[in-house]
Amino acid sequence: MIKLLIVEDEKVLSDNIKEIINDLGEVVQVYNGSEGLFELESGIYDLVILDLMMPEMNGYEVLAQARKANIHTPVLILTAKDGLEDKIEGFEKGADDYLTKPFYREELIMRVKALLKRSLGLFNEHSLEYKGVICDLNRNEVSFEDKILPIQGKEFEVLTYFLQNKGIILTKEQIFDRIWGFDSDTTLTVVEVYMSNLRKHLRETTLAKDIKTLRNVGYILQEV
């Protein structure tokens, strides 16, 4: 499941943006810069839509601090500030795209899809593949050598999360927040349980060995 973050202090507008992009993934909304930075630094989002003029911390500050902390999540600035100097500052601070208000619904969807396509390889592909393991994103099925593997539900989400982040360390907290969510009633140990089951279901593939455990840190999908 793609996770999208909206950082916008006008709640009506935030709800409108959510309605526009809701079909693209799970959408989380926050309403000030401080909350936006906190969420962005979690590293669990695939894309952020960021307003510039907000209380507590403006969008430029949010973006600058996130990039300073080596958070590379794609950021689309969505703002009423339409001056050339504003756009230049936005890109200099680390924005990936810049769209001014008012905007067309179709253009927002197009720009979000373009950023996700660039970062995750989505929307031009209906599957993710790794050394013969194929994740069908339409059917939520995993196959290997024409055999369907018993990987479903959150196990499927965990696997696709790794395939979308090859070579990147994923902490247990990131995996938990991404798949189960901050407000889940379960505990962090569920990650280890699901990782163990996932490895069992992938034992005939090289993925089982290529997903490495980093003690006291998390996991990484790294090709041997």
# chains A, B, ... in the order shown; residues from 1 in each chain; ligands from 1

call {"tool": "residues_around", "arguments": {"residues": "Lys113 of chain A", "least_positions_apart": "4", "cutoff": "12 Å", "atoms": "only C-alpha atoms", "output": "PyMOL selection string"}}
result
chain A and resi 2+4+21+23-25+46-47+74+76+97+106-109+117-124

call {"tool": "write_last_selection", "arguments": {"atoms": "N, CA and C atoms", "output": "CSV table (one decimal), in the first residue's frame"}}
result
chain,number,residue,atom,x,y,z
A,2,ILE,N,0.7,2.1,-1.0
A,2,ILE,CA,1.4,3.4,-1.0
A,2,ILE,C,0.9,4.3,0.1
A,4,LEU,N,0.7,8.2,1.6
A,4,LEU,CA,0.8,9.6,1.1
A,4,LEU,C,0.6,10.5,2.3
A,21,ILE,N,-6.7,12.3,-4.2
A,21,ILE,CA,-5.6,11.3,-4.3
A,21,ILE,C,-5.9,10.0,-3.6
A,23,ASP,N,-7.5,7.4,-4.1
A,23,ASP,CA,-7.4,6.1,-4.8
A,23,ASP,C,-6.0,5.7,-5.0
A,24,LEU,N,-5.0,6.5,-4.8
A,24,LEU,CA,-3.6,6.2,-5.1
A,24,LEU,C,-3.0,5.5,-3.9
A,25,GLY,N,-3.6,5.6,-2.7
A,25,GLY,CA,-3.0,4.9,-1.6
A,25,GLY,C,-3.6,5.4,-0.3
A,46,ASP,N,5.7,7.5,1.0
A,46,ASP,CA,6.2,7.4,-0.4
A,46,ASP,C,6.2,8.8,-1.1
A,47,LEU,N,5.3,9.7,-0.6
A,47,LEU,CA,5.3,11.0,-1.1
A,47,LEU,C,4.6,12.0,-0.2
A,74,PRO,N,10.0,11.9,-1.8
A,74,PRO,CA,9.6,12.9,-2.8
A,74,PRO,C,8.6,13.9,-2.1
A,76,LEU,N,6.1,17.2,-3.0
A,76,LEU,CA,5.4,18.1,-4.0
A,76,LEU,C,4.9,19.3,-3.2
A,97,ASP,N,8.8,18.8,-6.9
A,97,ASP,CA,7.9,19.4,-7.8
A,97,ASP,C,7.2,20.5,-7.1
A,106,GLU,N,-6.9,17.1,-12.2
A,106,GLU,CA,-6.2,16.2,-13.1
A,106,GLU,C,-4.7,16.4,-13.1
A,107,GLU,N,-4.3,17.7,-12.9
A,107,GLU,CA,-2.9,18.0,-12.9
A,107,GLU,C,-2.3,17.5,-11.6
A,108,LEU,N,-3.0,17.6,-10.5
A,108,LEU,CA,-2.4,17.1,-9.2
A,108,LEU,C,-2.2,15.6,-9.3
A,109,ILE,N,-3.2,14.9,-9.8
A,109,ILE,CA,-3.1,13.4,-9.9
A,109,ILE,C,-1.9,13.1,-10.8
A,117,LYS,N,6.0,7.3,-9.9
A,117,LYS,CA,6.6,6.5,-11.0
A,117,LYS,C,8.1,6.6,-10.9
A,118,ARG,N,8.6,7.8,-10.7
A,118,ARG,CA,10.0,8.1,-10.7
A,118,ARG,C,10.7,7.4,-9.5
A,119,SER,N,10.0,7.5,-8.3
A,119,SER,CA,10.7,7.0,-7.1
A,119,SER,C,10.4,5.5,-6.9
A,120,LEU,N,9.3,5.0,-7.2
A,120,LEU,CA,8.9,3.6,-7.0
A,120,LEU,C,8.8,2.7,-8.2
A,121,GLY,N,8.8,3.3,-9.4
A,121,GLY,CA,8.6,2.6,-10.6
A,121,GLY,C,7.2,2.1,-10.8
A,122,LEU,N,6.2,2.9,-10.2
A,122,LEU,CA,4.8,2.5,-10.3
A,122,LEU,C,4.1,3.2,-11.4
A,123,PHE,N,2.9,2.7,-11.8
A,123,PHE,CA,2.0,3.2,-12.8
A,123,PHE,C,2.4,2.9,-14.2
A,124,ASN,N,3.7,2.5,-14.4
A,124,ASN,CA,4.0,2.0,-15.7
A,124,ASN,C,4.3,0.5,-15.6

call {"tool": "residues_around", "arguments": {"residues": "Asn140 of chain A", "least_positions_apart": "2", "cutoff": "9 Å", "atoms": "only C-alpha atoms", "output": "MDAnalysis selection string"}}
result
chainID A and resid 135:138 142 151:153 156:157

call {"tool": "select_by_dssp", "arguments": {"residues": "segment 60-215 of chain A", "states": "strand (DSSP E)", "output": "PDB file with N, CA and C atoms, in the first residue's frame"}}
result
ATOM      1  N   VAL A  75       8.802  15.202  -2.397  1.00  0.00           N
ATOM      2  CA  VAL A  75       7.939  16.253  -1.848  1.00  0.00           C
ATOM      3  C   VAL A  75       7.393  17.109  -2.983  1.00  0.00           C
ATOM      4  N   LEU A  76       6.075  17.221  -3.015  1.00  0.00           N
ATOM      5  CA  LEU A  76       5.392  18.110  -3.952  1.00  0.00           C
ATOM      6  C   LEU A  76       4.892  19.313  -3.157  1.00  0.00           C
ATOM      7  N   ILE A  77       5.456  20.487  -3.417  1.00  0.00           N
ATOM      8  CA  ILE A  77       4.962  21.700  -2.780  1.00  0.00           C
ATOM      9  C   ILE A  77       3.667  22.126  -3.467  1.00  0.00           C
ATOM     10  N   LEU A  78       2.636  22.376  -2.664  1.00  0.00           N
ATOM     11  CA  LEU A  78       1.343  22.832  -3.176  1.00  0.00           C
ATOM     12  C   LEU A  78       0.992  24.109  -2.419  1.00  0.00           C
ATOM     13  N   THR A  79       1.056  25.245  -3.087  1.00  0.00           N
ATOM     14  CA  THR A  79       0.991  26.519  -2.381  1.00  0.00           C
ATOM     15  C   THR A  79       0.380  27.616  -3.239  1.00  0.00           C
ATOM     16  N   ASP A  97       8.815  18.769  -6.877  1.00  0.00           N
ATOM     17  CA  ASP A  97       7.878  19.396  -7.803  1.00  0.00           C
ATOM     18  C   ASP A  97       7.190  20.548  -7.077  1.00  0.00           C
ATOM     19  N   TYR A  98       6.564  21.430  -7.856  1.00  0.00           N
ATOM     20  CA  TYR A  98       5.977  22.652  -7.297  1.00  0.00           C
ATOM     21  C   TYR A  98       4.704  22.943  -8.077  1.00  0.00           C
ATOM     22  N   LEU A  99       3.572  23.010  -7.369  1.00  0.00           N
ATOM     23  CA  LEU A  99       2.278  23.274  -8.006  1.00  0.00           C
ATOM     24  C   LEU A  99       1.593  24.391  -7.245  1.00  0.00           C
ATOM     25  N   THR A 100       1.048  25.367  -7.973  1.00  0.00           N
ATOM     26  CA  THR A 100       0.431  26.518  -7.316  1.00  0.00           C
ATOM     27  C   THR A 100      -1.089  26.382  -7.259  1.00  0.00           C
ATOM     28  N   SER A 127       3.607  -4.888 -11.709  1.00  0.00           N
ATOM     29  CA  SER A 127       4.233  -5.912 -10.879  1.00  0.00           C
ATOM     30  C   SER A 127       5.632  -5.462 -10.485  1.00  0.00           C
ATOM     31  N   LEU A 128       6.145  -6.071  -9.423  1.00  0.00           N
ATOM     32  CA  LEU A 128       7.521  -5.881  -8.987  1.00  0.00           C
ATOM     33  C   LEU A 128       8.215  -7.231  -9.086  1.00  0.00           C
ATOM     34  N   GLU A 129       9.450  -7.242  -9.558  1.00  0.00           N
ATOM     35  CA  GLU A 129      10.144  -8.516  -9.775  1.00  0.00           C
ATOM     36  C   GLU A 129      11.539  -8.471  -9.177  1.00  0.00           C
ATOM     37  N   TYR A 130      11.938  -9.588  -8.591  1.00  0.00           N
ATOM     38  CA  TYR A 130      13.273  -9.706  -8.026  1.00  0.00           C
ATOM     39  C   TYR A 130      13.747 -11.145  -8.180  1.00  0.00           C
ATOM     40  N   VAL A 133      11.122 -13.760  -8.536  1.00  0.00           N
ATOM     41  CA  VAL A 133       9.957 -13.566  -7.673  1.00  0.00           C
ATOM     42  C   VAL A 133       9.145 -12.399  -8.227  1.00  0.00           C
ATOM     43  N   ILE A 134       7.881 -12.638  -8.520  1.00  0.00           N
ATOM     44  CA  ILE A 134       7.026 -11.616  -9.127  1.00  0.00           C
ATOM     45  C   ILE A 134       5.877 -11.291  -8.193  1.00  0.00           C
ATOM     46  N   CYS A 135       5.752  -9.999  -7.841  1.00  0.00           N
ATOM     47  CA  CYS A 135       4.623  -9.520  -7.045  1.00  0.00           C
ATOM     48  C   CYS A 135       3.634  -8.837  -7.973  1.00  0.00           C
ATOM     49  N   ASP A 136       2.491  -9.439  -8.164  1.00  0.00           N
ATOM     50  CA  ASP A 136       1.438  -8.867  -8.995  1.00  0.00           C
ATOM     51  C   ASP A 136       0.665  -7.864  -8.139  1.00  0.00           C
ATOM     52  N   GLU A 141      -0.734 -11.020  -5.592  1.00  0.00           N
ATOM     53  CA  GLU A 141      -0.220 -12.399  -5.615  1.00  0.00           C
ATOM     54  C   GLU A 141       1.287 -12.387  -5.810  1.00  0.00           C
ATOM     55  N   VAL A 142       1.946 -13.394  -5.218  1.00  0.00           N
ATOM     56  CA  VAL A 142       3.390 -13.569  -5.387  1.00  0.00           C
ATOM     57  C   VAL A 142       3.633 -14.919  -6.043  1.00  0.00           C
ATOM     58  N   SER A 143       4.441 -14.912  -7.095  1.00  0.00           N
ATOM     59  CA  SER A 143       4.730 -16.174  -7.793  1.00  0.00           C
ATOM     60  C   SER A 143       6.228 -16.334  -7.977  1.00  0.00           C
ATOM     61  N   PHE A 144       6.621 -17.604  -8.101  1.00  0.00           N
ATOM     62  CA  PHE A 144       8.012 -17.943  -8.388  1.00  0.00           C
ATOM     63  C   PHE A 144       8.019 -19.204  -9.225  1.00  0.00           C
ATOM     64  N   LYS A 147       4.683 -20.702  -9.902  1.00  0.00           N
ATOM     65  CA  LYS A 147       3.983 -21.240  -8.748  1.00  0.00           C
ATOM     66  C   LYS A 147       3.568 -20.092  -7.829  1.00  0.00           C
ATOM     67  N   ILE A 148       2.292 -20.086  -7.423  1.00  0.00           N
ATOM     68  CA  ILE A 148       1.798 -19.052  -6.516  1.00  0.00           C
ATOM     69  C   ILE A 148       2.254 -19.374  -5.091  1.00  0.00           C
ATOM     70  N   LEU A 149       2.913 -18.405  -4.458  1.00  0.00           N
ATOM     71  CA  LEU A 149       3.391 -18.587  -3.094  1.00  0.00           C
ATOM     72  C   LEU A 149       2.325 -18.115  -2.099  1.00  0.00           C
ATOM     73  N   LEU A 170      15.614  -0.719   6.539  1.00  0.00           N
ATOM     74  CA  LEU A 170      14.272  -0.493   7.059  1.00  0.00           C
ATOM     75  C   LEU A 170      14.264  -0.947   8.516  1.00  0.00           C
ATOM     76  N   THR A 171      14.053  -0.024   9.417  1.00  0.00           N
ATOM     77  CA  THR A 171      14.018  -0.386  10.830  1.00  0.00           C
ATOM     78  C   THR A 171      12.713  -1.110  11.146  1.00  0.00           C
ATOM     79  N   ILE A 211      17.267 -10.819   2.013  1.00  0.00           N
ATOM     80  CA  ILE A 211      16.726  -9.941   3.061  1.00  0.00           C
ATOM     81  C   ILE A 211      17.499 -10.246   4.338  1.00  0.00           C
ATOM     82  N   LYS A 212      18.378  -9.364   4.698  1.00  0.00           N
ATOM     83  CA  LYS A 212      19.292  -9.603   5.815  1.00  0.00           C
ATOM     84  C   LYS A 212      18.796  -8.908   7.085  1.00  0.00           C
ATOM     85  N   THR A 213      19.036  -9.558   8.195  1.00  0.00           N
ATOM     86  CA  THR A 213      18.705  -8.976   9.493  1.00  0.00           C
ATOM     87  C   THR A 213      19.894  -8.188  10.005  1.00  0.00           C
ATOM     88  N   LEU A 214      19.649  -6.950  10.390  1.00  0.00           N
ATOM     89  CA  LEU A 214      20.682  -6.119  11.000  1.00  0.00           C
ATOM     90  C   LEU A 214      20.366  -6.039  12.491  1.00  0.00           C
TER      91      LEU A 214
END

call {"tool": "atom_distance", "arguments": {"atom1": "atom CA of Ile17 of chain A", "atom2": "atom CA of Met110 of chain A"}}
result
13.2 Å

call {"tool": "closest_residue", "arguments": {"among": "A:Pro150, A:Gly181, A:Gly132, A:Gly43", "to": "Arg67 of chain A", "atoms": "only C-alpha atoms"}}
result
A:Gly43

call {"tool": "residues_around", "arguments": {"residues": "Ile6 of chain A", "least_positions_apart": "6", "cutoff": "6 Å", "atoms": "only C-alpha atoms", "output": "VMD selection string"}}
result
chain A and resid 29 48 to 49

call {"tool": "write_last_selection", "arguments": {"atoms": "N, CA and C atoms", "output": "short mmCIF file (atom, residue, chain, number, x, y, z; two decimals), in the first residue's frame"}}
result
data_model
loop_
_atom_site.label_atom_id
_atom_site.label_comp_id
_atom_site.auth_asym_id
_atom_site.auth_seq_id
_atom_site.Cartn_x
_atom_site.Cartn_y
_atom_site.Cartn_z
N GLN A 29 -3.20 12.94 7.07
CA GLN A 29 -3.27 14.40 7.06
C GLN A 29 -2.73 14.97 8.38
N VAL A 48 5.02 13.25 -0.17
CA VAL A 48 4.44 14.27 0.70
C VAL A 48 3.95 15.44 -0.14
N ILE A 49 2.72 15.88 0.13
CA ILE A 49 2.20 17.12 -0.45
C ILE A 49 2.29 18.17 0.64
#

call {"tool": "select_by_dssp", "arguments": {"residues": "segment 90-206 of chain A", "states": "helix (DSSP H, G or I)", "output": "count of residues only"}}
result
52

call {"tool": "closest_residue", "arguments": {"among": "A:Val62, A:Leu13, A:Leu52, A:Ile175", "to": "Glu192 of chain A", "atoms": "only C-alpha atoms"}}
result
A:Ile175

call {"tool": "atom_distance", "arguments": {"atom1": "atom CA of Met54 of chain A", "atom2": "atom CA of Ser184 of chain A"}}
result
28.9 Å

call {"tool": "residues_around", "arguments": {"residues": "Ala66 of chain A", "least_positions_apart": "5", "cutoff": "7 Å", "atoms": "only C-alpha atoms", "output": "PyMOL selection string"}}
result
chain A and resi 37+41+71

call {"tool": "residues_around", "arguments": {"residues": "Glu89 of chain A", "least_positions_apart": "4", "cutoff": "12 Å", "atoms": "only C-alpha atoms", "output": "number ranges by chain"}}
result
A: 52, 59-61, 63-64, 77, 81-85, 93-98

call {"tool": "atom_distance", "arguments": {"atom1": "atom CA of Val30 of chain A", "atom2": "atom CA of Val7 of chain A"}}
result
5.1 Å
